[in-house]
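Novice: File follows, my_file-v4.txt with compact mmCIF, C-alpha atoms:
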```txt
# COMPACT_ATOMS: atom_id res chain seq x y z
CA MET A 1 42.26 63.30 21.19
CA ARG A 2 43.09 60.94 24.00
CA LYS A 3 40.05 62.11 25.83
CA TRP A 4 37.46 60.88 23.35
CA VAL A 5 39.15 57.59 22.41
CA PRO A 6 37.60 55.62 25.33
CA ALA A 7 34.24 57.08 24.45
CA LEU A 8 34.65 55.79 20.92
CA ILE A 9 35.21 52.16 21.91
CA PRO A 10 31.61 51.24 22.74
CA ALA A 11 30.53 52.79 19.44
CA LEU A 12 33.12 50.72 17.56
CA VAL A 13 32.04 47.57 19.33
CA ALA A 14 28.42 48.31 18.57
CA GLY A 15 29.39 48.91 14.96
CA VAL A 16 30.98 45.47 14.69
CA PHE A 17 27.83 43.72 15.83
CA ALA A 18 25.32 45.99 14.17
CA ASN A 19 25.01 43.88 11.01
CA GLN A 20 25.34 40.59 12.73
CA THR A 21 22.38 38.91 14.30
CA VAL A 22 23.00 35.88 16.43
CA ALA A 23 23.24 32.79 14.20
CA GLY A 24 20.04 30.76 14.08
CA GLU A 25 19.83 27.13 14.94
CA ILE A 26 18.00 24.19 13.44
CA THR A 27 17.55 20.99 15.36
CA VAL A 28 16.41 17.97 13.36
CA LYS A 29 15.14 14.85 15.09
CA VAL A 30 14.89 11.84 12.85
CA THR A 31 13.22 8.69 14.08
CA ILE A 32 14.20 5.43 12.45
CA PRO A 33 11.26 3.12 13.07
CA GLN A 34 11.41 -0.41 14.32
CA ILE A 35 10.57 -2.69 11.42
CA ASN A 36 9.80 -6.32 12.03
CA THR A 37 11.31 -8.32 9.25
CA ALA A 38 13.34 -11.48 8.90
CA GLU A 39 16.39 -9.62 7.66
CA TYR A 40 16.71 -6.08 8.88
CA HIS A 41 19.40 -3.73 7.64
CA ARG A 42 19.77 -0.20 8.90
CA PRO A 43 18.58 2.27 6.30
CA TYR A 44 20.74 4.65 4.33
CA VAL A 45 19.53 8.16 5.18
CA ALA A 46 20.15 11.56 3.61
CA ILE A 47 19.06 14.81 5.25
CA TRP A 48 19.21 18.09 3.41
CA ILE A 49 17.73 21.57 3.18
CA GLU A 50 15.65 21.93 0.06
CA LYS A 51 14.90 25.18 -1.72
CA PRO A 52 11.42 25.98 -3.07
CA ASP A 53 12.49 24.83 -6.55
CA GLN A 54 13.36 21.47 -4.95
CA SER A 55 17.07 21.91 -5.47
CA VAL A 56 19.42 21.22 -2.58
CA HIS A 57 20.56 24.24 -0.59
CA ASN A 58 22.71 22.28 1.75
CA ASN A 59 23.39 18.70 2.77
CA LEU A 60 23.14 18.16 6.50
CA ALA A 61 23.82 14.45 6.96
CA VAL A 62 24.19 11.24 4.98
CA TRP A 63 24.30 7.95 6.80
CA TYR A 64 25.54 4.95 4.91
CA SER A 65 27.75 1.96 5.37
CA GLN A 66 31.30 2.84 4.42
CA LYS A 67 32.58 -0.66 4.91
CA LYS A 68 33.19 -2.99 2.02
CA THR A 69 30.67 -5.78 1.64
CA ASP A 70 31.55 -9.48 1.98
CA LYS A 71 32.10 -9.56 -1.77
CA GLY A 72 34.56 -6.68 -1.53
CA GLU A 73 32.14 -4.25 -3.11
CA GLN A 74 32.14 -0.63 -2.10
CA SER A 75 29.04 0.14 -0.08
CA ASP A 76 28.49 3.37 -1.96
CA LYS A 77 27.14 1.02 -4.60
CA TRP A 78 23.76 1.42 -2.90
CA LEU A 79 23.81 5.21 -2.46
CA LYS A 80 21.87 5.58 -5.70
CA ASP A 81 18.91 4.04 -3.88
CA LEU A 82 18.58 7.34 -2.04
CA ARG A 83 17.11 8.25 -5.37
CA GLN A 84 16.16 11.88 -4.96
CA TRP A 85 19.23 12.78 -2.99
CA TRP A 86 21.47 10.98 -5.45
CA ARG A 87 19.95 12.82 -8.41
CA LYS A 88 19.87 16.24 -6.79
CA SER A 89 23.13 16.22 -4.94
CA GLY A 90 24.82 12.90 -4.18
CA ARG A 91 26.19 12.26 -7.62
CA GLU A 92 27.88 15.68 -7.59
CA GLN A 93 29.72 14.99 -4.35
CA SER A 94 33.01 13.44 -3.65
CA LEU A 95 32.41 10.87 -0.94
CA PRO A 96 32.80 10.65 1.97
CA MET A 97 31.75 14.25 2.70
CA ASP A 98 33.54 15.84 5.59
CA GLY A 99 31.26 16.50 8.55
CA ILE A 100 28.24 15.17 6.67
CA THR A 101 28.62 11.48 5.94
CA GLY A 102 28.57 9.02 8.77
CA ALA A 103 27.70 5.46 9.66
CA THR A 104 24.15 4.11 9.52
CA LYS A 105 22.08 4.60 12.66
CA ALA A 106 20.12 2.25 14.85
CA VAL A 107 16.36 2.26 15.40
CA GLY A 108 15.32 5.23 17.52
CA GLU A 109 15.44 9.01 17.57
CA HIS A 110 18.55 10.82 16.40
CA ALA A 111 18.83 14.53 17.14
CA MET A 112 21.25 16.87 15.40
CA THR A 113 21.64 20.59 15.87
CA PHE A 114 22.95 22.77 13.08
CA ILE A 115 24.07 26.35 13.55
CA GLU A 116 23.72 28.77 10.68
CA GLY A 117 27.01 29.68 9.08
CA LYS A 118 28.78 26.83 10.83
CA ALA A 119 29.53 23.68 8.82
CA PRO A 120 27.68 21.79 7.61
CA LEU A 121 24.88 24.41 7.62
CA ALA A 122 25.72 27.28 5.28
CA ASN A 123 24.18 30.73 5.53
CA LEU A 124 20.50 30.41 4.94
CA PRO A 125 18.99 33.42 3.13
CA ALA A 126 15.46 34.36 4.19
CA GLY A 127 12.90 32.19 2.46
CA GLN A 128 10.80 29.04 2.34
CA TYR A 129 12.57 25.73 2.72
CA ASN A 130 12.02 22.07 3.49
CA ILE A 131 14.00 19.80 5.65
CA ALA A 132 14.04 16.71 3.44
CA VAL A 133 14.82 13.29 4.82
CA GLU A 134 15.15 10.30 2.51
CA ALA A 135 15.64 6.73 3.71
CA ALA A 136 16.33 3.59 1.67
CA ARG A 137 16.71 0.16 3.22
CA GLU A 138 18.26 -2.97 1.79
CA LYS A 139 15.50 -5.50 1.10
CA GLY A 140 13.09 -2.80 2.21
CA GLY A 141 11.55 0.34 0.82
CA ARG A 142 12.36 3.95 0.27
CA GLU A 143 10.67 7.06 1.57
CA VAL A 144 11.10 10.83 1.50
CA VAL A 145 9.59 13.04 4.19
CA ARG A 146 9.60 16.84 4.02
CA VAL A 147 9.06 19.34 6.79
CA PRO A 148 8.46 22.85 5.46
CA PHE A 149 9.72 25.90 7.31
CA THR A 150 10.29 29.62 6.84
CA TRP A 151 13.61 31.19 7.68
CA PRO A 152 14.56 33.17 9.68
CA VAL A 153 12.35 32.79 12.75
CA LYS A 154 11.65 35.45 15.38
CA LYS A 155 10.88 33.01 18.15
CA VAL A 156 11.39 29.30 18.70
CA GLU A 157 9.26 27.33 16.30
CA GLN A 158 8.56 23.66 15.85
CA ALA A 159 7.29 21.58 12.97
CA LYS A 160 6.81 17.89 12.36
CA ALA A 161 5.97 15.33 9.72
CA THR A 162 5.69 11.58 9.94
CA GLY A 163 6.80 8.88 7.54
CA GLN A 164 4.66 5.92 6.65
CA GLN A 165 7.16 3.11 6.30
CA GLU A 166 10.85 3.72 6.36
CA LEU A 167 10.81 6.83 8.52
CA GLY A 168 9.08 7.71 11.77
CA ASN A 169 8.64 11.24 13.13
CA ILE A 170 10.73 13.98 11.60
CA ALA A 171 10.63 16.90 14.03
CA ILE A 172 12.41 20.18 13.61
CA GLU A 173 12.99 23.02 16.05
CA LEU A 174 14.06 26.42 14.77
CA LYS A 175 15.70 28.99 16.97
CA PRO A 176 16.32 32.61 16.02
CA MET B 1 13.14 -8.67 -36.81
CA LYS B 2 13.06 -5.03 -37.79
CA LYS B 3 13.99 -6.03 -41.28
CA ILE B 4 11.58 -8.93 -41.28
CA ILE B 5 8.73 -6.82 -40.05
CA THR B 6 9.54 -4.11 -42.54
CA LEU B 7 9.60 -6.56 -45.39
CA VAL B 8 6.43 -8.25 -44.25
CA SER B 9 4.62 -4.97 -43.95
CA LEU B 10 5.81 -3.95 -47.39
CA ALA B 11 4.75 -7.27 -48.83
CA LEU B 12 1.33 -7.03 -47.25
CA GLY B 13 1.01 -3.46 -48.29
CA ILE B 14 0.24 -2.38 -44.77
CA GLY B 15 3.33 -0.27 -44.34
CA ALA B 16 2.45 3.21 -43.22
CA SER B 17 4.59 6.04 -44.55
CA VAL B 18 7.27 4.79 -42.20
CA ALA B 19 7.58 1.25 -40.92
CA HIS B 20 8.44 1.23 -37.23
CA ALA B 21 11.34 -0.91 -36.20
CA HIS B 22 9.19 -2.61 -33.62
CA GLY B 23 10.88 -4.98 -31.36
CA VAL B 24 14.66 -4.55 -31.43
CA TRP B 25 15.97 -3.64 -28.05
CA ILE B 26 18.84 -3.75 -25.56
CA ALA B 27 17.90 -3.61 -21.89
CA PRO B 28 20.49 -2.82 -19.20
CA SER B 29 20.21 -4.23 -15.68
CA SER B 30 20.90 -0.73 -14.33
CA THR B 31 21.15 2.72 -15.84
CA ILE B 32 22.18 4.74 -12.81
CA LEU B 33 25.06 3.65 -10.60
CA SER B 34 26.75 5.21 -7.61
CA ALA B 35 29.87 3.05 -7.81
CA PRO B 36 31.82 1.31 -10.61
CA GLN B 37 30.53 -2.21 -11.25
CA PHE B 38 29.33 -4.72 -13.82
CA VAL B 39 26.12 -4.16 -15.70
CA THR B 40 24.44 -6.93 -17.66
CA PHE B 41 22.40 -6.48 -20.82
CA ASP B 42 19.72 -8.44 -22.64
CA ALA B 43 19.44 -7.85 -26.38
CA ALA B 44 16.76 -9.27 -28.62
CA SER B 45 14.24 -8.70 -31.30
CA SER B 46 10.73 -9.57 -30.27
CA SER B 47 7.06 -8.96 -30.87
CA VAL B 48 6.98 -6.17 -28.30
CA PRO B 49 10.01 -4.44 -26.76
CA PHE B 50 11.47 -6.19 -23.70
CA MET B 51 9.48 -9.39 -24.19
CA ILE B 52 11.88 -12.28 -24.75
CA ASP B 53 9.88 -14.23 -27.30
CA HIS B 54 11.56 -14.28 -30.68
CA ARG B 55 15.23 -14.03 -31.66
CA PRO B 56 18.54 -12.99 -30.10
CA LEU B 57 20.02 -9.73 -31.36
CA VAL B 58 23.26 -9.95 -33.32
CA ILE B 59 25.65 -7.64 -31.51
CA ASP B 60 28.78 -8.04 -33.67
CA LEU B 61 28.64 -4.34 -34.53
CA LEU B 62 27.97 -3.16 -30.99
CA THR B 63 30.40 -0.68 -29.47
CA ILE B 64 30.54 0.44 -25.86
CA SER B 65 32.24 3.79 -25.30
CA ALA B 66 33.48 4.88 -21.88
CA PRO B 67 33.12 8.53 -20.78
CA ASP B 68 36.72 9.19 -21.91
CA GLY B 69 35.98 7.77 -25.37
CA SER B 70 37.87 4.52 -24.89
CA LYS B 71 36.11 1.29 -25.85
CA VAL B 72 34.86 -1.36 -23.45
CA THR B 73 34.68 -4.93 -24.67
CA PRO B 74 31.52 -6.79 -23.77
CA VAL B 75 32.26 -9.96 -21.81
CA ASN B 76 30.34 -13.17 -21.07
CA VAL B 77 28.55 -12.84 -24.38
CA MET B 78 25.93 -15.53 -24.72
CA LYS B 79 23.71 -15.86 -27.73
CA GLY B 80 20.72 -17.86 -26.68
CA GLU B 81 17.75 -18.99 -28.69
CA LEU B 82 15.67 -16.05 -27.57
CA ARG B 83 18.09 -13.39 -26.49
CA THR B 84 21.70 -12.28 -26.43
CA VAL B 85 23.31 -11.56 -23.07
CA PHE B 86 26.49 -9.65 -22.36
CA ASP B 87 28.15 -7.90 -19.45
CA ALA B 88 30.25 -4.76 -19.32
CA LYS B 89 32.46 -3.54 -16.50
CA LEU B 90 31.91 0.17 -16.01
CA GLU B 91 34.85 1.62 -14.15
CA GLN B 92 34.89 5.32 -14.98
CA GLN B 93 32.71 8.12 -13.65
CA GLY B 94 30.31 9.46 -16.25
CA THR B 95 28.08 8.21 -19.03
CA TYR B 96 28.78 5.06 -21.03
CA ARG B 97 27.25 4.82 -24.48
CA LEU B 98 26.27 1.63 -26.29
CA GLU B 99 25.86 2.00 -30.04
CA LEU B 100 24.72 -0.47 -32.61
CA ILE B 101 24.78 1.08 -36.05
CA ARG B 102 23.54 -0.90 -39.00
CA SER B 103 23.44 0.42 -42.52
CA GLY B 104 23.13 -1.03 -45.96
CA PHE B 105 20.82 -1.54 -48.89
CA ARG B 106 17.64 -3.47 -49.22
CA ALA B 107 16.22 -4.53 -52.55
CA SER B 108 13.14 -6.33 -53.74
CA TRP B 109 12.35 -7.36 -57.31
CA LYS B 110 10.82 -10.10 -59.37
CA ASP B 111 12.82 -12.67 -61.26
CA ALA B 112 12.14 -14.04 -64.74
CA GLU B 113 9.45 -16.34 -63.31
CA ASP B 114 7.80 -13.47 -61.47
CA LYS B 115 8.93 -14.79 -58.11
CA PRO B 116 9.63 -12.14 -55.49
CA LYS B 117 13.31 -11.79 -54.58
CA ARG B 118 14.96 -9.94 -51.78
CA PHE B 119 18.39 -8.68 -50.90
CA MET B 120 20.02 -7.03 -47.91
CA GLY B 121 23.65 -5.97 -47.77
CA THR B 122 26.27 -3.52 -48.94
CA ALA B 123 26.16 -1.46 -52.11
CA GLU B 124 29.00 -3.57 -53.60
CA ALA B 125 27.20 -6.83 -52.93
CA LEU B 126 24.01 -5.32 -54.30
CA ALA B 127 25.76 -4.44 -57.58
CA LYS B 128 26.95 -8.02 -57.87
CA GLU B 129 23.84 -9.89 -56.80
CA VAL B 130 20.95 -7.78 -58.01
CA PRO B 131 20.46 -7.28 -61.75
CA SER B 132 20.06 -3.55 -62.29
CA ASP B 133 17.37 -4.16 -64.91
CA ALA B 134 15.33 -6.51 -62.72
CA LYS B 135 11.57 -6.30 -62.90
CA ASP B 136 9.86 -4.12 -60.24
CA LEU B 137 13.23 -3.41 -58.66
CA LYS B 138 12.99 -1.33 -55.57
CA VAL B 139 16.16 -0.40 -53.70
CA THR B 140 16.20 1.37 -50.35
CA GLU B 141 19.14 2.51 -48.31
CA THR B 142 18.74 1.78 -44.60
CA ASP B 143 20.53 3.38 -41.71
CA SER B 144 19.69 2.55 -38.13
CA ARG B 145 21.18 3.48 -34.82
CA MET B 146 20.41 1.80 -31.53
CA GLU B 147 21.64 3.36 -28.30
CA ASN B 148 21.74 2.73 -24.59
CA PHE B 149 23.19 4.87 -21.84
CA VAL B 150 24.44 3.93 -18.39
CA THR B 151 25.87 6.47 -15.97
CA VAL B 152 28.23 6.01 -13.04
CA GLY B 153 28.01 9.07 -10.80
CA LYS B 154 27.22 12.31 -12.59
CA PRO B 155 25.86 12.15 -16.16
CA THR B 156 28.18 13.58 -18.79
CA ALA B 157 27.22 15.42 -21.97
CA LEU B 158 26.46 13.36 -25.07
CA LYS B 159 27.75 14.21 -28.49
CA THR B 160 26.11 13.54 -31.82
CA THR B 161 27.91 12.55 -35.00
CA GLY B 162 25.91 14.49 -37.60
CA LYS B 163 25.18 11.28 -39.50
CA GLY B 164 21.81 9.60 -39.86
CA LEU B 165 18.98 9.92 -37.37
CA GLU B 166 20.07 10.97 -33.89
CA LEU B 167 18.58 12.21 -30.66
CA ILE B 168 19.42 15.11 -28.41
CA ALA B 169 17.60 14.86 -25.09
CA ALA B 170 17.33 18.16 -23.23
CA THR B 171 17.25 16.08 -20.08
CA HIS B 172 20.02 13.48 -20.02
CA PRO B 173 18.59 10.00 -20.71
CA ASN B 174 19.95 8.84 -17.34
CA ASP B 175 18.25 11.68 -15.49
CA LEU B 176 14.57 11.05 -16.11
CA VAL B 177 11.90 10.98 -13.43
CA THR B 178 8.14 10.72 -13.53
CA GLY B 179 6.16 13.88 -13.99
CA GLU B 180 8.97 16.06 -15.32
CA PRO B 181 8.61 17.02 -18.98
CA VAL B 182 11.28 15.70 -21.32
CA GLU B 183 12.19 17.45 -24.54
CA PHE B 184 13.63 15.42 -27.38
CA THR B 185 15.18 16.89 -30.51
CA PHE B 186 15.71 14.63 -33.50
CA LEU B 187 18.45 15.35 -35.98
CA VAL B 188 18.78 14.04 -39.51
CA ASP B 189 22.39 14.35 -40.64
CA GLY B 190 22.89 16.82 -37.81
CA LYS B 191 19.88 19.06 -38.57
CA PRO B 192 16.74 19.26 -36.40
CA THR B 193 14.04 17.76 -38.58
CA GLU B 194 10.28 18.04 -38.68
CA GLY B 195 8.06 15.03 -39.19
CA VAL B 196 10.19 12.34 -37.53
CA GLU B 197 7.77 9.66 -36.34
CA VAL B 198 8.35 8.58 -32.78
CA ALA B 199 6.84 5.73 -30.80
CA ILE B 200 7.32 5.17 -27.08
CA ILE B 201 6.41 1.96 -25.22
CA ARG B 202 6.85 1.24 -21.53
CA SER B 203 8.08 -2.20 -20.50
CA GLN B 204 6.02 -4.96 -18.83
CA THR B 205 3.40 -5.00 -21.57
CA ARG B 206 2.52 -8.57 -20.63
CA TYR B 207 0.83 -7.33 -17.50
CA ARG B 208 -1.58 -4.97 -19.17
CA ASN B 209 -4.12 -5.32 -21.93
CA SER B 210 -2.76 -2.62 -24.21
CA THR B 211 0.82 -1.80 -25.13
CA GLU B 212 -0.11 1.82 -24.38
CA GLU B 213 2.18 2.83 -27.21
CA LYS B 214 2.35 6.58 -27.64
CA THR B 215 3.15 8.08 -31.02
CA TYR B 216 4.39 11.53 -31.86
CA LYS B 217 5.78 13.60 -34.70
CA THR B 218 8.50 16.17 -34.28
CA ASP B 219 7.56 19.81 -34.83
CA LYS B 220 9.29 22.25 -37.16
CA ASN B 221 12.18 22.53 -34.73
CA GLY B 222 12.60 18.78 -34.72
CA GLN B 223 11.27 18.67 -31.18
CA LEU B 224 8.71 16.86 -29.16
CA LYS B 225 7.84 17.19 -25.51
CA VAL B 226 6.57 14.33 -23.41
CA THR B 227 5.80 13.84 -19.76
CA LEU B 228 6.09 10.24 -18.66
CA SER B 229 3.86 9.76 -15.67
CA GLU B 230 4.81 6.17 -14.97
CA ALA B 231 8.16 4.84 -13.86
CA GLY B 232 9.74 2.03 -15.81
CA MET B 233 12.03 1.02 -18.63
CA TYR B 234 10.99 2.69 -21.87
CA TRP B 235 11.71 1.92 -25.49
CA LEU B 236 11.73 4.75 -27.98
CA ASP B 237 11.78 4.24 -31.71
CA ALA B 238 12.08 7.07 -34.25
CA ASP B 239 11.76 6.68 -38.00
CA PHE B 240 12.24 8.94 -40.97
CA LYS B 241 12.38 8.60 -44.72
CA ASP B 242 14.05 10.83 -47.27
CA ASN B 243 15.89 10.63 -50.56
CA LYS B 244 19.37 11.61 -49.43
CA VAL B 245 20.93 8.35 -50.52
CA SER B 246 24.66 7.74 -50.45
CA ASN B 247 24.47 5.58 -53.58
CA LYS B 248 22.21 6.32 -56.51
CA VAL B 249 21.13 2.70 -56.84
CA ALA B 250 18.64 3.52 -54.08
CA LYS B 251 15.95 6.11 -54.51
CA GLU B 252 14.99 6.30 -50.91
CA ARG B 253 16.65 6.21 -47.52
CA THR B 254 14.97 4.94 -44.34
CA LEU B 255 16.43 6.07 -41.05
CA ALA B 256 15.73 4.53 -37.68
CA TYR B 257 16.79 5.36 -34.15
CA VAL B 258 16.08 3.21 -31.10
CA VAL B 259 16.94 4.00 -27.49
CA THR B 260 16.11 2.41 -24.16
CA PHE B 261 15.80 4.66 -21.15
CA GLU B 262 14.65 4.35 -17.59
CA VAL B 263 12.23 6.67 -15.80
CA LEU B 264 12.41 6.57 -12.02
CA PRO B 265 9.72 7.49 -9.51
CA GLN B 266 10.15 10.80 -7.74
```
Take the structure in this file and express it as structure tokens.
Specialist:
Amino acid sequence: MRKWVPALIPALVAGVFANQTVAGEITVKVTIPQINTAEYHRPYVAIWIEKPDQSVHNNLAVWYSQKKTDKGEQSDKWLKDLRQWWRKSGREQSLPMDGITGATKAVGEHAMTFIEGKAPLANLPAGQYNIAVEAAREKGGREVVRVPFTWPVKKVEQAKATGQQELGNIAIELKP
Amino acid sequence: MKKIITLVSLALGIGASVAHAHGVWIAPSSTILSAPQFVTFDAASSSVPFMIDHRPLVIDLLTISAPDGSKVTPVNVMKGELRTVFDAKLEQQGTYRLELIRSGFRASWKDAEDKPKRFMGTAEALAKEVPSDAKDLKVTETDSRMENFVTVGKPTALKTTGKGLELIAATHPNDLVTGEPVEFTFLVDGKPTEGVEVAIIRSQTRYRNSTEEKTYKTDKNGQLKVTLSEAGMYWLDADFKDNKVSNKVAKERTLAYVVTFEVLPQ
């Protein structure tokens, strides 16, 4: 018996990994455009993975001001202006959301990498999805940009879409 | 105004089978909120819904119910010449319901000198003030319900009472967006009813040449399906007539239901 135990180990190890591919990765780069206006406020932004039926698979990030306003109002007062996100997911959440909500971001490109199965990105069954990015700005406008993708990928893939007003380039990079 | 218009249309003989309660409305400053806060309301009767051009609405009978069923008292109530204003502090998560239920009896007859007379009020007052043998006496029971909904956070389910004309919206009235079909079911005394006449008008009629009023009738399941392609505040009026009177002095009962809802862009 002792003789074949060492021989068994590699087989056991192989068995453990047989059903487990390496977790995929999604990098999302969101550009908040420079907007020339007398009174600029950073936009509220929600980023999520959308299923083909337009429901939310998974929230990835929500940037909003968590400070109270001068009047003592909660800043989540304005979260409803992220209209689609609020309707499809936001109103169901208890805020702030751990690992997802954060402060508003400055003008420029913001890159985030999400690893499948590791919070906040849940397991992503094979299928068609969108990365959806919605931005709403105080005294400004609102915009949703979607970047479609198919999951999983066999090799590194890139996709991009560009907003017209409230969002700049939304670039995604998918890794197997 | 509803009553006035109804009476006028009866007098002029232009009343269709059902006289629409054109022009009574309550408009909230917001219908969807992500945090507890004050909401302000305008209430009036006017030539076209949401146009402030006629009379303030009497809101003595208005109730505001919180999601847990408790009542909220309207504050800063101001009855102006053209509209009534009030505020309500919405502190709970869920859907708040505003209800304004008006019911009573309406009578018209001719006195000894053949002059037209009118009455509006309770059955008791009617018995006292209207001679039961009056000439051309016509008595109608009226029952109207006006509703508004405002949601903080996630919309909560709405219950019906089983009395009068009521609406069940398959999509919550605070969850409407352009392009998605909405299914309405109208109940009379709790039963889905065919033939309820429904009119829908979008706000801001001043800035277009037609009110673009859309009219519908419920099918045999009491339903109608609409897709609202434009965002905005909408006024819906439903009317029905039957003979299920609560007091035999009336031969006929007219039921009305009015709701304001908001449709947001996608």
Novice: Any chance you could tabulate, as CSV, the residues of chain B at most 7 Å from chain A with each one's nearest atom pair and distance in Å to one decimal, using only C-alpha atoms, in chain and rising number order?
Specialist:
```
residue,atom,partner,partner_atom,distance
B:Leu33,CA,A:Lys80,CA,6.2
B:Ser34,CA,A:Lys77,CA,5.2
B:Ala35,CA,A:Lys77,CA,4.7
B:Gly153,CA,A:Arg91,CA,4.9
B:Lys154,CA,A:Arg91,CA,5.1
B:Gln266,CA,A:Gln84,CA,6.7
```
Novice: Enclose stretch 95-108 of chain B, meaning all of its atoms listed in the file, in a box aligned along x, y and z, pad it by 6 Å on each side, and list the centre and edge lengths in Å to one decimal, as JSON.
Specialist:
```
{"center_x": 21.0, "center_y": 0.9, "center_z": -36.4, "size_x": 27.6, "size_y": 26.5, "size_z": 46.7}
```
Novice: Please return as a list in words every residue within 9 Å of (14.0, -0.8, -27.2), taking into account all atoms listed in the file and the file's own coordinates.
Specialist: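 Those residues, ordered by chain and then number, are His22, Gly23, Val24, Trp25, Ile26, Ala27, Ala43, Ser45, Val48, Pro49, Phe50, Met146, Glu147, Asn148, Ile200, Ile201, Met233, Tyr234, Trp235, Leu236, Asp237, Val258, Val259, Thr260 and Phe261 of chain B.
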Novice: Go ahead and find all residues with at least one atom no further than 8 Å from (16.7, 30.0, 3.3) in the file's coordinates, using all atoms listed in the file; report them as a PDB file with C-alpha atoms, in the coordinates of the input.
Specialist:
```pdb
ATOM      1  CA  LYS A  51      14.900  25.180  -1.720  1.00  0.00           C
ATOM      2  CA  HIS A  57      20.560  24.240  -0.590  1.00  0.00           C
ATOM      3  CA  ASN A 123      24.180  30.730   5.530  1.00  0.00           C
ATOM      4  CA  LEU A 124      20.500  30.410   4.940  1.00  0.00           C
ATOM      5  CA  PRO A 125      18.990  33.420   3.130  1.00  0.00           C
ATOM      6  CA  ALA A 126      15.460  34.360   4.190  1.00  0.00           C
ATOM      7  CA  GLY A 127      12.900  32.190   2.460  1.00  0.00           C
ATOM      8  CA  GLN A 128      10.800  29.040   2.340  1.00  0.00           C
ATOM      9  CA  TYR A 129      12.570  25.730   2.720  1.00  0.00           C
ATOM     10  CA  THR A 150      10.290  29.620   6.840  1.00  0.00           C
ATOM     11  CA  TRP A 151      13.610  31.190   7.680  1.00  0.00           C
ATOM     12  CA  PRO A 152      14.560  33.170   9.680  1.00  0.00           C
TER      13      PRO A 152
END
```
Novice: List the neighbours of B:Val245 out to 10 Å using only C-alpha atoms; skip same-chain residues closer than 5 positions along the sequence, and give me the result as a list in words.
Specialist: Thr140, Glu141, Thr142, Ala250, Lys251, Glu252, Arg253 and Thr254 of chain B
Novice: Let me make sure I understand: among A:Ala132, A:Ile172, A:Val147, A:Met112, which one has the smallest atom-to-atom distance to A:Ser55 if we use all atoms listed in the file?
Specialist: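 Using all atoms listed in the file, the shortest distance to A:Ser55 belongs to A:Ala132.
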Novice: I'd like the interatomic distance between atom CA of B:Asn221 and atom CA of B:Thr185, to a tenth of an Å.
Specialist: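 One can read the atom CA of B:Asn221 to atom CA of B:Thr185 distance as 7.7 Å.
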Novice: List the spatial neighbours of A:Gly108 as a count of residues only - criterion: any atom at most 8 Å away, all atoms listed in the file, same-chain residues fewer than 2 positions off excluded.
Specialist: 6
Novice: List as a ChimeraX atom specification the protein and nucleic acid residues near B:Ala66, meaning an atom at most 10 Å away when only C-alpha atoms are counted, but skip any in the same chain fewer than 5 places from it.
Specialist: /B:71-72,90-98,150-151
Novice: I'd like the neighbourhood of B:Gly195 as a PDB file with C-alpha atoms, keeping the file's coordinate frame, where a residue qualifies if any of its atoms comes within 12 Å (using all atoms listed in the file), though same-chain residues fewer than 3 positions away should be ignored.
Specialist:
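Result saved to around_4.pdb:
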```pdb
ATOM      1  CA  SER B  17       4.590   6.040 -44.550  1.00  0.00           C
ATOM      2  CA  VAL B  18       7.270   4.790 -42.200  1.00  0.00           C
ATOM      3  CA  THR B 185      15.180  16.890 -30.510  1.00  0.00           C
ATOM      4  CA  PHE B 186      15.710  14.630 -33.500  1.00  0.00           C
ATOM      5  CA  LEU B 187      18.450  15.350 -35.980  1.00  0.00           C
ATOM      6  CA  VAL B 188      18.780  14.040 -39.510  1.00  0.00           C
ATOM      7  CA  PRO B 192      16.740  19.260 -36.400  1.00  0.00           C
ATOM      8  CA  VAL B 198       8.350   8.580 -32.780  1.00  0.00           C
ATOM      9  CA  THR B 215       3.150   8.080 -31.020  1.00  0.00           C
ATOM     10  CA  TYR B 216       4.390  11.530 -31.860  1.00  0.00           C
ATOM     11  CA  LYS B 217       5.780  13.600 -34.700  1.00  0.00           C
ATOM     12  CA  THR B 218       8.500  16.170 -34.280  1.00  0.00           C
ATOM     13  CA  ASP B 219       7.560  19.810 -34.830  1.00  0.00           C
ATOM     14  CA  LYS B 220       9.290  22.250 -37.160  1.00  0.00           C
ATOM     15  CA  ASN B 221      12.180  22.530 -34.730  1.00  0.00           C
ATOM     16  CA  GLY B 222      12.600  18.780 -34.720  1.00  0.00           C
ATOM     17  CA  GLN B 223      11.270  18.670 -31.180  1.00  0.00           C
ATOM     18  CA  LEU B 224       8.710  16.860 -29.160  1.00  0.00           C
ATOM     19  CA  ALA B 238      12.080   7.070 -34.250  1.00  0.00           C
ATOM     20  CA  ASP B 239      11.760   6.680 -38.000  1.00  0.00           C
ATOM     21  CA  PHE B 240      12.240   8.940 -40.970  1.00  0.00           C
ATOM     22  CA  LYS B 241      12.380   8.600 -44.720  1.00  0.00           C
ATOM     23  CA  ASP B 242      14.050  10.830 -47.270  1.00  0.00           C
TER      24      ASP B 242
END
```
Novice: For a quick check of understanding, using all atoms listed in the file, which of A:Gly99, A:Ile47, A:Lys68, A:Lys118 has the smallest distance to A:Val145?
Specialist: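 With all atoms listed in the file as the atom set, the closest residue is A:Ile47.
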Novice: Just the residues within 12 Å of A:Ala119, please, counting only C-alpha atoms, with nothing from its chain fewer than 2 positions along; format it as a list in words.
Specialist: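 The contact residues come out as Glu25, Asn58, Asn59, Leu60, Ala61, Met97, Asp98, Gly99, Ile100, Thr113, Phe114, Ile115, Glu116, Gly117, Leu121, Ala122, Asn123 and Leu124 of chain A.
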Novice: What does the structure give for the distance between atom CA of B:Pro56 and atom CA of B:Glu262, in Å to one decimal?
Specialist: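 Spanning atom CA of B:Pro56 to atom CA of B:Glu262 is a straight-line distance of 21.7 Å.
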